[in-house]
Structure formats: structure tokens, C-alpha cells
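A.B. asks: Dropping in work.txt, which is compact mmCIF, N, CA and C atoms:
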# COMPACT_ATOMS: atom_id res chain seq x y z
N MET A 52 17.34 37.98 15.42
CA MET A 52 16.93 38.78 14.28
C MET A 52 17.57 40.17 14.32
N GLN A 53 17.64 40.78 15.52
CA GLN A 53 18.23 42.11 15.64
C GLN A 53 19.71 42.10 15.25
N HIS A 54 20.40 41.00 15.58
CA HIS A 54 21.82 40.89 15.22
C HIS A 54 21.98 40.89 13.70
N GLU A 55 21.11 40.15 13.03
CA GLU A 55 21.17 40.10 11.56
C GLU A 55 20.86 41.47 10.96
N LEU A 56 19.87 42.15 11.54
CA LEU A 56 19.54 43.50 11.08
C LEU A 56 20.71 44.45 11.29
N HIS A 57 21.37 44.32 12.44
CA HIS A 57 22.52 45.17 12.72
C HIS A 57 23.63 44.93 11.70
N THR A 58 23.92 43.69 11.42
CA THR A 58 24.95 43.35 10.44
C THR A 58 24.61 43.95 9.08
N LYS A 59 23.37 43.80 8.67
CA LYS A 59 22.94 44.34 7.38
C LYS A 59 23.03 45.87 7.38
N ALA A 60 22.59 46.49 8.46
CA ALA A 60 22.65 47.95 8.56
C ALA A 60 24.08 48.46 8.46
N VAL A 61 24.99 47.80 9.16
CA VAL A 61 26.40 48.19 9.12
C VAL A 61 26.94 48.07 7.70
N GLN A 62 26.60 47.00 7.01
CA GLN A 62 27.05 46.82 5.62
C GLN A 62 26.52 47.93 4.72
N ILE A 63 25.25 48.26 4.89
CA ILE A 63 24.66 49.32 4.06
C ILE A 63 25.31 50.67 4.37
N LEU A 64 25.53 50.96 5.65
CA LEU A 64 26.14 52.23 6.02
C LEU A 64 27.59 52.32 5.55
N GLN A 65 28.30 51.20 5.56
CA GLN A 65 29.67 51.19 5.02
C GLN A 65 29.64 51.48 3.51
N ALA A 66 28.67 50.91 2.82
CA ALA A 66 28.54 51.17 1.39
C ALA A 66 28.24 52.65 1.14
N ALA A 67 27.40 53.23 1.99
CA ALA A 67 27.07 54.66 1.84
C ALA A 67 28.29 55.54 2.07
N SER A 68 29.14 55.13 3.04
CA SER A 68 30.31 55.96 3.33
C SER A 68 31.33 55.97 2.21
N THR A 69 31.39 54.90 1.46
CA THR A 69 32.40 54.83 0.40
C THR A 69 31.87 55.23 -0.97
N GLU A 70 30.57 55.36 -1.09
CA GLU A 70 29.96 55.70 -2.39
C GLU A 70 30.30 57.15 -2.77
N ARG A 71 30.78 57.33 -3.98
CA ARG A 71 31.16 58.67 -4.46
C ARG A 71 30.01 59.36 -5.21
N ASP A 72 29.19 58.58 -5.88
CA ASP A 72 28.08 59.15 -6.65
C ASP A 72 26.98 59.59 -5.69
N LEU A 73 26.63 60.87 -5.75
CA LEU A 73 25.67 61.44 -4.80
C LEU A 73 24.30 60.77 -4.88
N THR A 74 23.79 60.57 -6.08
CA THR A 74 22.47 59.95 -6.24
C THR A 74 22.46 58.54 -5.67
N GLN A 75 23.49 57.79 -5.96
CA GLN A 75 23.58 56.42 -5.45
C GLN A 75 23.74 56.42 -3.93
N ARG A 76 24.53 57.37 -3.42
CA ARG A 76 24.71 57.46 -1.97
C ARG A 76 23.39 57.73 -1.27
N LEU A 77 22.59 58.62 -1.83
CA LEU A 77 21.27 58.91 -1.25
C LEU A 77 20.37 57.69 -1.29
N ARG A 78 20.44 56.94 -2.36
CA ARG A 78 19.64 55.70 -2.44
C ARG A 78 20.06 54.70 -1.37
N ILE A 79 21.36 54.60 -1.16
CA ILE A 79 21.86 53.67 -0.14
C ILE A 79 21.42 54.14 1.26
N LEU A 80 21.49 55.44 1.49
CA LEU A 80 21.03 55.97 2.79
C LEU A 80 19.55 55.69 2.99
N GLN A 81 18.77 55.78 1.93
CA GLN A 81 17.34 55.48 2.03
C GLN A 81 17.12 54.00 2.36
N GLN A 82 17.94 53.13 1.78
CA GLN A 82 17.85 51.70 2.11
C GLN A 82 18.10 51.49 3.60
N ALA A 83 19.12 52.16 4.11
CA ALA A 83 19.44 52.02 5.53
C ALA A 83 18.29 52.54 6.39
N SER A 84 17.75 53.67 5.99
CA SER A 84 16.62 54.24 6.72
C SER A 84 15.42 53.31 6.72
N ASP A 85 15.12 52.76 5.57
CA ASP A 85 13.99 51.83 5.47
C ASP A 85 14.19 50.61 6.37
N LEU A 86 15.41 50.13 6.44
CA LEU A 86 15.71 48.98 7.29
C LEU A 86 15.61 49.35 8.77
N LEU A 87 16.19 50.48 9.13
CA LEU A 87 16.27 50.85 10.54
C LEU A 87 14.96 51.35 11.13
N LEU A 88 14.18 52.04 10.34
CA LEU A 88 12.97 52.66 10.88
C LEU A 88 11.73 51.80 10.68
N HIS A 89 11.94 50.55 10.51
CA HIS A 89 10.85 49.57 10.41
C HIS A 89 10.34 49.27 11.82
N ALA A 90 9.10 48.94 11.92
CA ALA A 90 8.48 48.70 13.24
C ALA A 90 9.16 47.58 14.02
N ASP A 91 9.69 46.58 13.33
CA ASP A 91 10.32 45.44 14.00
C ASP A 91 11.74 45.72 14.48
N THR A 92 12.30 46.82 14.08
CA THR A 92 13.68 47.15 14.45
C THR A 92 13.68 47.83 15.81
N SER A 93 14.53 47.35 16.70
CA SER A 93 14.57 47.90 18.05
C SER A 93 15.17 49.31 18.05
N ALA A 94 14.75 50.10 19.02
CA ALA A 94 15.29 51.45 19.17
C ALA A 94 16.79 51.39 19.49
N GLU A 95 17.23 50.35 20.18
CA GLU A 95 18.64 50.21 20.50
C GLU A 95 19.47 50.02 19.24
N LEU A 96 18.95 49.27 18.29
CA LEU A 96 19.66 49.08 17.02
C LEU A 96 19.76 50.40 16.27
N VAL A 97 18.67 51.13 16.24
CA VAL A 97 18.69 52.44 15.57
C VAL A 97 19.67 53.36 16.29
N ALA A 98 19.65 53.34 17.61
CA ALA A 98 20.56 54.19 18.40
C ALA A 98 22.02 53.87 18.08
N SER A 99 22.32 52.61 17.82
CA SER A 99 23.71 52.25 17.50
C SER A 99 24.16 52.83 16.17
N CYS A 100 23.22 53.16 15.31
CA CYS A 100 23.55 53.73 14.00
C CYS A 100 23.39 55.25 13.96
N LEU A 101 22.86 55.84 15.01
CA LEU A 101 22.64 57.29 15.02
C LEU A 101 23.91 58.11 14.79
N PRO A 102 25.05 57.74 15.35
CA PRO A 102 26.24 58.55 15.10
C PRO A 102 26.54 58.71 13.60
N PHE A 103 26.33 57.66 12.84
CA PHE A 103 26.56 57.77 11.39
C PHE A 103 25.63 58.80 10.79
N PHE A 104 24.34 58.68 11.09
CA PHE A 104 23.35 59.59 10.49
C PHE A 104 23.52 61.03 10.99
N THR A 105 23.81 61.19 12.27
CA THR A 105 23.95 62.55 12.77
C THR A 105 25.23 63.21 12.25
N SER A 106 26.23 62.43 11.91
CA SER A 106 27.45 63.02 11.34
C SER A 106 27.20 63.58 9.94
N LEU A 107 26.12 63.15 9.31
CA LEU A 107 25.80 63.65 7.97
C LEU A 107 25.45 65.13 7.99
N GLN A 108 25.11 65.67 9.14
CA GLN A 108 24.76 67.09 9.23
C GLN A 108 25.97 67.97 8.92
N ASN A 109 27.16 67.42 8.94
CA ASN A 109 28.38 68.17 8.65
C ASN A 109 28.91 67.93 7.24
N ASP A 110 28.17 67.17 6.45
CA ASP A 110 28.62 66.85 5.10
C ASP A 110 28.65 68.11 4.23
N PRO A 111 29.65 68.25 3.37
CA PRO A 111 29.69 69.43 2.50
C PRO A 111 28.58 69.43 1.44
N GLN A 112 28.03 68.27 1.12
CA GLN A 112 26.96 68.16 0.12
C GLN A 112 25.63 68.55 0.76
N THR A 113 24.98 69.55 0.20
CA THR A 113 23.69 70.01 0.71
C THR A 113 22.66 68.89 0.71
N SER A 114 22.65 68.09 -0.34
CA SER A 114 21.66 67.00 -0.43
C SER A 114 21.81 66.00 0.72
N ILE A 115 23.03 65.77 1.13
CA ILE A 115 23.27 64.83 2.24
C ILE A 115 22.80 65.45 3.55
N ARG A 116 23.04 66.75 3.74
CA ARG A 116 22.54 67.42 4.96
C ARG A 116 21.02 67.44 4.97
N ARG A 117 20.42 67.63 3.81
CA ARG A 117 18.96 67.57 3.72
C ARG A 117 18.47 66.18 4.13
N TYR A 118 19.17 65.16 3.66
CA TYR A 118 18.78 63.80 4.02
C TYR A 118 18.94 63.59 5.53
N ALA A 119 20.00 64.14 6.11
CA ALA A 119 20.20 64.01 7.56
C ALA A 119 19.02 64.60 8.32
N ALA A 120 18.56 65.76 7.90
CA ALA A 120 17.41 66.41 8.55
C ALA A 120 16.15 65.57 8.37
N TYR A 121 15.97 65.04 7.19
CA TYR A 121 14.82 64.18 6.89
C TYR A 121 14.86 62.93 7.78
N PHE A 122 16.04 62.30 7.87
CA PHE A 122 16.18 61.09 8.68
C PHE A 122 15.88 61.37 10.15
N VAL A 123 16.39 62.47 10.68
CA VAL A 123 16.16 62.80 12.09
C VAL A 123 14.66 62.93 12.37
N GLY A 124 13.95 63.57 11.46
CA GLY A 124 12.50 63.69 11.62
C GLY A 124 11.80 62.35 11.61
N ARG A 125 12.21 61.50 10.69
CA ARG A 125 11.60 60.16 10.62
C ARG A 125 11.97 59.33 11.84
N ALA A 126 13.21 59.42 12.28
CA ALA A 126 13.64 58.66 13.47
C ALA A 126 12.84 59.11 14.69
N ALA A 127 12.62 60.41 14.80
CA ALA A 127 11.82 60.92 15.93
C ALA A 127 10.40 60.39 15.88
N PHE A 128 9.86 60.28 14.69
CA PHE A 128 8.49 59.80 14.53
C PHE A 128 8.38 58.30 14.81
N PHE A 129 9.28 57.52 14.22
CA PHE A 129 9.17 56.06 14.30
C PHE A 129 9.81 55.45 15.55
N LYS A 130 10.76 56.15 16.14
CA LYS A 130 11.44 55.65 17.34
C LYS A 130 11.46 56.76 18.40
N PRO A 131 10.29 57.08 18.98
CA PRO A 131 10.19 58.21 19.90
C PRO A 131 11.10 58.12 21.13
N SER A 132 11.51 56.93 21.49
CA SER A 132 12.38 56.81 22.66
C SER A 132 13.76 57.42 22.41
N LEU A 133 14.07 57.73 21.16
CA LEU A 133 15.36 58.34 20.82
C LEU A 133 15.31 59.86 20.79
N ALA A 134 14.18 60.43 21.15
CA ALA A 134 13.97 61.88 20.99
C ALA A 134 15.08 62.71 21.63
N LEU A 135 15.43 62.43 22.86
CA LEU A 135 16.43 63.25 23.53
C LEU A 135 17.80 63.14 22.87
N ARG A 136 18.09 62.00 22.30
CA ARG A 136 19.37 61.82 21.60
C ARG A 136 19.42 62.60 20.29
N LEU A 137 18.26 62.90 19.75
CA LEU A 137 18.19 63.60 18.46
C LEU A 137 18.20 65.12 18.61
N LEU A 138 17.99 65.63 19.81
CA LEU A 138 17.93 67.08 20.02
C LEU A 138 19.17 67.83 19.51
N PRO A 139 20.40 67.35 19.82
CA PRO A 139 21.57 68.10 19.33
C PRO A 139 21.63 68.20 17.81
N SER A 140 21.23 67.15 17.13
CA SER A 140 21.24 67.18 15.66
C SER A 140 20.25 68.19 15.12
N VAL A 141 19.06 68.20 15.69
CA VAL A 141 18.05 69.15 15.21
C VAL A 141 18.53 70.58 15.47
N ALA A 142 19.10 70.82 16.63
CA ALA A 142 19.61 72.16 16.94
C ALA A 142 20.67 72.59 15.91
N ALA A 143 21.57 71.69 15.58
CA ALA A 143 22.62 72.01 14.60
C ALA A 143 22.03 72.21 13.21
N LEU A 144 21.10 71.36 12.82
CA LEU A 144 20.51 71.44 11.48
C LEU A 144 19.68 72.72 11.31
N LEU A 145 19.10 73.21 12.38
CA LEU A 145 18.34 74.46 12.30
C LEU A 145 19.24 75.66 12.01
N GLU A 146 20.53 75.49 12.24
CA GLU A 146 21.51 76.56 11.99
C GLU A 146 22.16 76.43 10.62
N ASP A 147 21.79 75.44 9.84
CA ASP A 147 22.38 75.22 8.52
C ASP A 147 22.11 76.41 7.61
N GLY A 148 22.98 76.60 6.64
CA GLY A 148 22.82 77.70 5.70
C GLY A 148 21.81 77.46 4.60
N ASP A 149 21.36 76.22 4.44
CA ASP A 149 20.40 75.87 3.38
C ASP A 149 18.97 75.93 3.93
N SER A 150 18.11 76.61 3.20
CA SER A 150 16.73 76.79 3.68
C SER A 150 15.95 75.48 3.72
N VAL A 151 16.24 74.56 2.82
CA VAL A 151 15.52 73.27 2.84
C VAL A 151 15.95 72.44 4.05
N VAL A 152 17.24 72.47 4.36
CA VAL A 152 17.72 71.77 5.56
C VAL A 152 17.02 72.35 6.79
N LYS A 153 16.93 73.67 6.86
CA LYS A 153 16.27 74.31 8.00
C LYS A 153 14.80 73.93 8.08
N GLU A 154 14.13 73.88 6.94
CA GLU A 154 12.71 73.52 6.95
C GLU A 154 12.51 72.07 7.40
N LEU A 155 13.33 71.17 6.90
CA LEU A 155 13.23 69.77 7.32
C LEU A 155 13.56 69.63 8.80
N ALA A 156 14.55 70.39 9.27
CA ALA A 156 14.90 70.37 10.69
C ALA A 156 13.77 70.93 11.54
N ALA A 157 13.10 71.96 11.05
CA ALA A 157 11.96 72.53 11.79
C ALA A 157 10.84 71.50 11.91
N LYS A 158 10.57 70.78 10.85
CA LYS A 158 9.55 69.73 10.91
C LYS A 158 9.96 68.63 11.90
N ALA A 159 11.24 68.30 11.89
CA ALA A 159 11.74 67.31 12.85
C ALA A 159 11.61 67.84 14.28
N ALA A 160 11.87 69.14 14.46
CA ALA A 160 11.77 69.74 15.79
C ALA A 160 10.35 69.67 16.34
N VAL A 161 9.38 69.87 15.48
CA VAL A 161 7.98 69.78 15.91
C VAL A 161 7.68 68.36 16.39
N THR A 162 8.14 67.38 15.64
CA THR A 162 7.93 65.98 16.04
C THR A 162 8.66 65.68 17.34
N LEU A 163 9.87 66.18 17.46
CA LEU A 163 10.69 65.91 18.65
C LEU A 163 10.15 66.56 19.91
N HIS A 164 9.54 67.71 19.77
CA HIS A 164 9.13 68.48 20.94
C HIS A 164 8.25 67.67 21.89
N ARG A 165 7.17 67.14 21.39
CA ARG A 165 6.24 66.38 22.23
C ARG A 165 6.91 65.13 22.79
N ARG A 166 7.67 64.45 21.95
CA ARG A 166 8.31 63.21 22.38
C ARG A 166 9.39 63.50 23.44
N SER A 167 10.10 64.60 23.26
CA SER A 167 11.13 64.96 24.24
C SER A 167 10.51 65.33 25.58
N LEU A 168 9.42 66.08 25.54
CA LEU A 168 8.75 66.43 26.80
C LEU A 168 8.31 65.18 27.54
N PHE A 169 7.78 64.22 26.80
CA PHE A 169 7.37 62.97 27.43
C PHE A 169 8.57 62.25 28.04
N SER A 170 9.67 62.18 27.30
CA SER A 170 10.88 61.52 27.81
C SER A 170 11.42 62.22 29.05
N LEU A 171 11.29 63.54 29.08
CA LEU A 171 11.79 64.28 30.24
C LEU A 171 10.99 63.99 31.51
N CYS A 172 9.75 63.53 31.36
CA CYS A 172 8.96 63.15 32.53
C CYS A 172 9.67 62.09 33.36
N PHE A 173 10.49 61.28 32.70
CA PHE A 173 11.17 60.18 33.39
C PHE A 173 12.58 60.54 33.83
N GLN A 174 13.00 61.78 33.54
CA GLN A 174 14.38 62.17 33.86
C GLN A 174 14.46 63.39 34.74
N SER A 175 13.40 63.75 35.42
CA SER A 175 13.39 64.99 36.18
C SER A 175 14.45 65.02 37.28
N ASP A 176 14.91 63.88 37.74
CA ASP A 176 15.93 63.85 38.78
C ASP A 176 17.31 63.54 38.22
N GLY A 177 17.40 63.27 36.94
CA GLY A 177 18.68 62.90 36.35
C GLY A 177 19.59 64.08 36.12
N GLN A 178 20.88 63.81 36.06
CA GLN A 178 21.84 64.89 35.87
C GLN A 178 21.81 65.44 34.45
N ASP A 179 21.26 64.70 33.49
CA ASP A 179 21.17 65.18 32.11
C ASP A 179 19.93 66.06 31.89
N PHE A 180 19.04 66.10 32.85
CA PHE A 180 17.80 66.87 32.69
C PHE A 180 18.05 68.32 32.28
N PRO A 181 18.90 69.05 33.00
CA PRO A 181 19.12 70.46 32.62
C PRO A 181 19.68 70.61 31.19
N LYS A 182 20.54 69.69 30.81
CA LYS A 182 21.13 69.74 29.48
C LYS A 182 20.06 69.56 28.41
N HIS A 183 19.15 68.61 28.61
CA HIS A 183 18.08 68.37 27.65
C HIS A 183 17.12 69.56 27.58
N VAL A 184 16.80 70.13 28.73
CA VAL A 184 15.90 71.29 28.76
C VAL A 184 16.56 72.46 28.04
N GLU A 185 17.84 72.66 28.27
CA GLU A 185 18.56 73.75 27.60
C GLU A 185 18.54 73.55 26.08
N ARG A 186 18.74 72.32 25.62
CA ARG A 186 18.69 72.04 24.18
C ARG A 186 17.31 72.33 23.62
N MET A 187 16.28 71.93 24.36
CA MET A 187 14.92 72.18 23.89
C MET A 187 14.65 73.68 23.81
N HIS A 188 15.12 74.44 24.79
CA HIS A 188 14.92 75.89 24.77
C HIS A 188 15.67 76.53 23.59
N LYS A 189 16.86 76.02 23.31
CA LYS A 189 17.62 76.54 22.17
C LYS A 189 16.85 76.31 20.87
N ILE A 190 16.30 75.12 20.73
CA ILE A 190 15.51 74.80 19.53
C ILE A 190 14.29 75.69 19.46
N GLU A 191 13.59 75.85 20.58
CA GLU A 191 12.41 76.73 20.61
C GLU A 191 12.76 78.15 20.22
N ASP A 192 13.90 78.64 20.73
CA ASP A 192 14.31 80.01 20.39
C ASP A 192 14.54 80.17 18.89
N VAL A 193 15.19 79.21 18.29
CA VAL A 193 15.45 79.27 16.85
C VAL A 193 14.12 79.20 16.08
N MET A 194 13.24 78.34 16.53
CA MET A 194 11.96 78.17 15.83
C MET A 194 11.07 79.41 15.93
N LEU A 195 11.14 80.11 17.06
CA LEU A 195 10.27 81.26 17.28
C LEU A 195 10.83 82.55 16.71
N ASN A 196 12.09 82.55 16.38
CA ASN A 196 12.70 83.78 15.82
C ASN A 196 12.81 83.74 14.33
Let me see the structure of the file written as C-alpha cells.
C.D. replies:
Amino acid sequence: MQHELHTKAVQILQAASTERDLTQRLRILQQASDLLLHADTSAELVASCLPFFTSLQNDPQTSIRRYAAYFVGRAAFFKPSLALRLLPSVAALLEDGDSVVKELAAKAAVTLHRRSLFSLCFQSDGQDFPKHVERMHKIEDVMLN
């Protein structure tokens, strides 16, 4: 079942990448989100699609960056095991020039904070631990200032 979901997700994301109409592109992204953030979808499948969604934070269209921030928040909520992978995106989105992107990123950061702390409980001896803690501190600094 996960293989079929992956195939469908890839097709939807390919359609989103080639779509020129902004409204239609956002609808296609929402379809992908609905498919990926379903309870039956594995976190590994979602993780395989994260690079596509996180790359949206660099899109010149404000609406697409807003969607990226929205997706990151939803992914953090529905797939908490991905929290540490989402930290760099939230940090970047908090620096966006659009106030709505920043607000959506701040909401995602609140969701990510607790989940990231929990994930760090299992990585205290890992070499990535300092990097994750540094990212969390960067996000906290932006949120508190």
C-alpha cells in the first residue's frame, strides 16, 4: 500500500511542479498534503517527499511560501517523528519577508518545539545532537525577539 501511495504522491508532486496557474498549483499541493498527512501514510513516505515541500520555501510566489509554512506545521503535527528534519525549514521560513509566512512558521515552530525536544531524548549521544539543539535555539531566538 505504501508503494502505491508513494507512486501517487510522486505523480501529484510532478503535476504541482509543472503547473503554471497559481490557484491550481495550490490545489494540487493540497491534494499531495492530504494524501501524505493521512494517518495510514508512513512517516518514511512523508520524509521521502519532504525535499519537495521544503524547497517551496524558496519559491518567488508568496502564496507558495505560505503553503510551505502551512505544510511544515501540519507535517510536524501529523508526523511528529519528522520534527528534527523540519527544523531547518521553520528556521528559514521565520526569516521570510512576508508576515503571513512568518506567522505560519511561528505556529509550526510551536508545534515542532515539543516534538523536537522529545526526539532529542533519543539522540543525546548522537553527533547530530548539537546541530539540532543549535537549530532549536536559533528558532527560539527568532520567536522571542
A.B. asks: Using Å and a single decimal, report how far atom CA of Val123 of chain A sits from atom CA of Pro111 of chain A.
C.D. replies: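 Atom CA of Pro111 of chain A sits 17.9 Å away from atom CA of Val123 of chain A.
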A.B. asks: Which value, in Å to one decimal, gives the distance between atom CA of Tyr118 of chain A and atom N of Leu138 of chain A?
C.D. replies: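 If I compute the distance from atom CA of Tyr118 of chain A to atom N of Leu138 of chain A, I get 15.9 Å.
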A.B. asks: Which protein, DNA or RNA residues are at most 8 Å from (21.1, 62.8, 5.1) in the file's coordinates when you count all atoms listed in the file, listed as a PyMOL selection string?
C.D. replies: chain A and resi 77+80+104-108+113-123
A.B. asks: With all atoms listed in the file as the atoms that count, which of A:Leu163, A:Ala66, A:Leu96, A:Ala60 lies nearest to Pro131 of chain A?
C.D. replies: A:Leu163
A.B. asks: Please identify which residues in chain A DSSP calls helix (DSSP H, G or I) from the backbone, and express them as a PyMOL selection string.
C.D. replies: chain A and resi 53-69+73-87+94-109+113-129+131-144+150-171+180-195
A.B. asks: I want to know what sits within 7 Å of Ile79 of chain A, based on all atoms listed in the file, with residues of the same chain fewer than 3 positions away left out; could you give that as a list in words?
C.D. replies: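 Those residues are Ile63, Leu64, Ala66, Ala67, Thr74, Gln75, Arg76, Gln82, Ala83 and Ser84 of chain A.
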A.B. asks: Using Å and a single decimal, report how far atom CA of Ala127 of chain A sits from atom CA of Val97 of chain A.
C.D. replies: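 Separation of atom CA of Val97 of chain A and atom CA of Ala127 of chain A: 10.9 Å.
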A.B. asks: With distances taken over all atoms listed in the file, which residue among A:Met194, A:Lys130, A:Ser140, A:Lys189 lies nearest Ser93 of chain A?
C.D. replies: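 Looking at the shortest contact to Ser93 of chain A, the residue is A:Lys130.
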A.B. asks: Edge lengths and centre in Å to one decimal, as JSON, of the axis-aligned box that encloses all listed atoms of segment 52-58 of chain A with 5 Å added on every side?
C.D. replies:
{"center_x": 20.9, "center_y": 41.6, "center_z": 12.4, "size_x": 18.0, "size_y": 17.2, "size_z": 16.6}
A.B. asks: Return the single residue from A:Ala134, A:Val184, A:Leu56, A:Ala142 that is closest to Thr162 of chain A, with distances computed using all atoms listed in the file.
C.D. replies: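 Between A:Ala134, A:Val184, A:Leu56, A:Ala142, the residue approaching Thr162 of chain A most closely is A:Ala134.
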A.B. asks: Of the candidates A:Leu87, A:Ala157, A:Leu101, A:Pro139, which shows the shortest atom-to-atom distance to Leu195 of chain A, using only C-alpha atoms?
C.D. replies: A:Ala157
A.B. asks: Can you work out which one of A:Gln112, A:Met52, A:Ser68, A:Lys59 has the shortest atom-to-atom distance to Thr92 of chain A, counting all atoms listed in the file?
C.D. replies: A:Met52
A.B. asks: Have segment 129-140 of chain A completed to N, CA, C and O atoms, please, and pass it along as a PDB file, keeping the file's coordinate frame.
C.D. replies:
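Dumped everything to out_4.pdb:
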ATOM      1  N   PHE A 129       9.280  57.520  14.220  1.00  0.00           N
ATOM      2  CA  PHE A 129       9.170  56.060  14.300  1.00  0.00           C
ATOM      3  C   PHE A 129       9.810  55.450  15.550  1.00  0.00           C
ATOM      4  O   PHE A 129       9.445  54.357  15.953  1.00  0.00           O
ATOM      5  N   LYS A 130      10.760  56.150  16.140  1.00  0.00           N
ATOM      6  CA  LYS A 130      11.440  55.650  17.340  1.00  0.00           C
ATOM      7  C   LYS A 130      11.460  56.760  18.400  1.00  0.00           C
ATOM      8  O   LYS A 130      12.487  57.354  18.706  1.00  0.00           O
ATOM      9  N   PRO A 131      10.290  57.080  18.980  1.00  0.00           N
ATOM     10  CA  PRO A 131      10.190  58.210  19.900  1.00  0.00           C
ATOM     11  C   PRO A 131      11.100  58.120  21.130  1.00  0.00           C
ATOM     12  O   PRO A 131      11.455  59.142  21.704  1.00  0.00           O
ATOM     13  N   SER A 132      11.510  56.930  21.490  1.00  0.00           N
ATOM     14  CA  SER A 132      12.380  56.810  22.660  1.00  0.00           C
ATOM     15  C   SER A 132      13.760  57.420  22.410  1.00  0.00           C
ATOM     16  O   SER A 132      14.527  57.635  23.350  1.00  0.00           O
ATOM     17  N   LEU A 133      14.070  57.730  21.160  1.00  0.00           N
ATOM     18  CA  LEU A 133      15.360  58.340  20.820  1.00  0.00           C
ATOM     19  C   LEU A 133      15.310  59.860  20.790  1.00  0.00           C
ATOM     20  O   LEU A 133      16.300  60.510  20.464  1.00  0.00           O
ATOM     21  N   ALA A 134      14.180  60.430  21.150  1.00  0.00           N
ATOM     22  CA  ALA A 134      13.970  61.880  20.990  1.00  0.00           C
ATOM     23  C   ALA A 134      15.080  62.710  21.630  1.00  0.00           C
ATOM     24  O   ALA A 134      15.611  63.618  20.987  1.00  0.00           O
ATOM     25  N   LEU A 135      15.430  62.430  22.860  1.00  0.00           N
ATOM     26  CA  LEU A 135      16.430  63.250  23.530  1.00  0.00           C
ATOM     27  C   LEU A 135      17.800  63.140  22.870  1.00  0.00           C
ATOM     28  O   LEU A 135      18.569  64.104  22.861  1.00  0.00           O
ATOM     29  N   ARG A 136      18.090  62.000  22.300  1.00  0.00           N
ATOM     30  CA  ARG A 136      19.370  61.820  21.600  1.00  0.00           C
ATOM     31  C   ARG A 136      19.420  62.600  20.290  1.00  0.00           C
ATOM     32  O   ARG A 136      20.493  62.876  19.773  1.00  0.00           O
ATOM     33  N   LEU A 137      18.260  62.900  19.750  1.00  0.00           N
ATOM     34  CA  LEU A 137      18.190  63.600  18.460  1.00  0.00           C
ATOM     35  C   LEU A 137      18.200  65.120  18.610  1.00  0.00           C
ATOM     36  O   LEU A 137      18.396  65.835  17.618  1.00  0.00           O
ATOM     37  N   LEU A 138      17.990  65.630  19.810  1.00  0.00           N
ATOM     38  CA  LEU A 138      17.930  67.080  20.020  1.00  0.00           C
ATOM     39  C   LEU A 138      19.170  67.830  19.510  1.00  0.00           C
ATOM     40  O   LEU A 138      19.033  68.854  18.832  1.00  0.00           O
ATOM     41  N   PRO A 139      20.400  67.350  19.820  1.00  0.00           N
ATOM     42  CA  PRO A 139      21.570  68.100  19.330  1.00  0.00           C
ATOM     43  C   PRO A 139      21.630  68.200  17.810  1.00  0.00           C
ATOM     44  O   PRO A 139      22.013  69.236  17.264  1.00  0.00           O
ATOM     45  N   SER A 140      21.230  67.150  17.130  1.00  0.00           N
ATOM     46  CA  SER A 140      21.240  67.180  15.660  1.00  0.00           C
ATOM     47  C   SER A 140      20.250  68.190  15.120  1.00  0.00           C
ATOM     48  O   SER A 140      20.567  68.935  14.191  1.00  0.00           O
TER      49      SER A 140
END
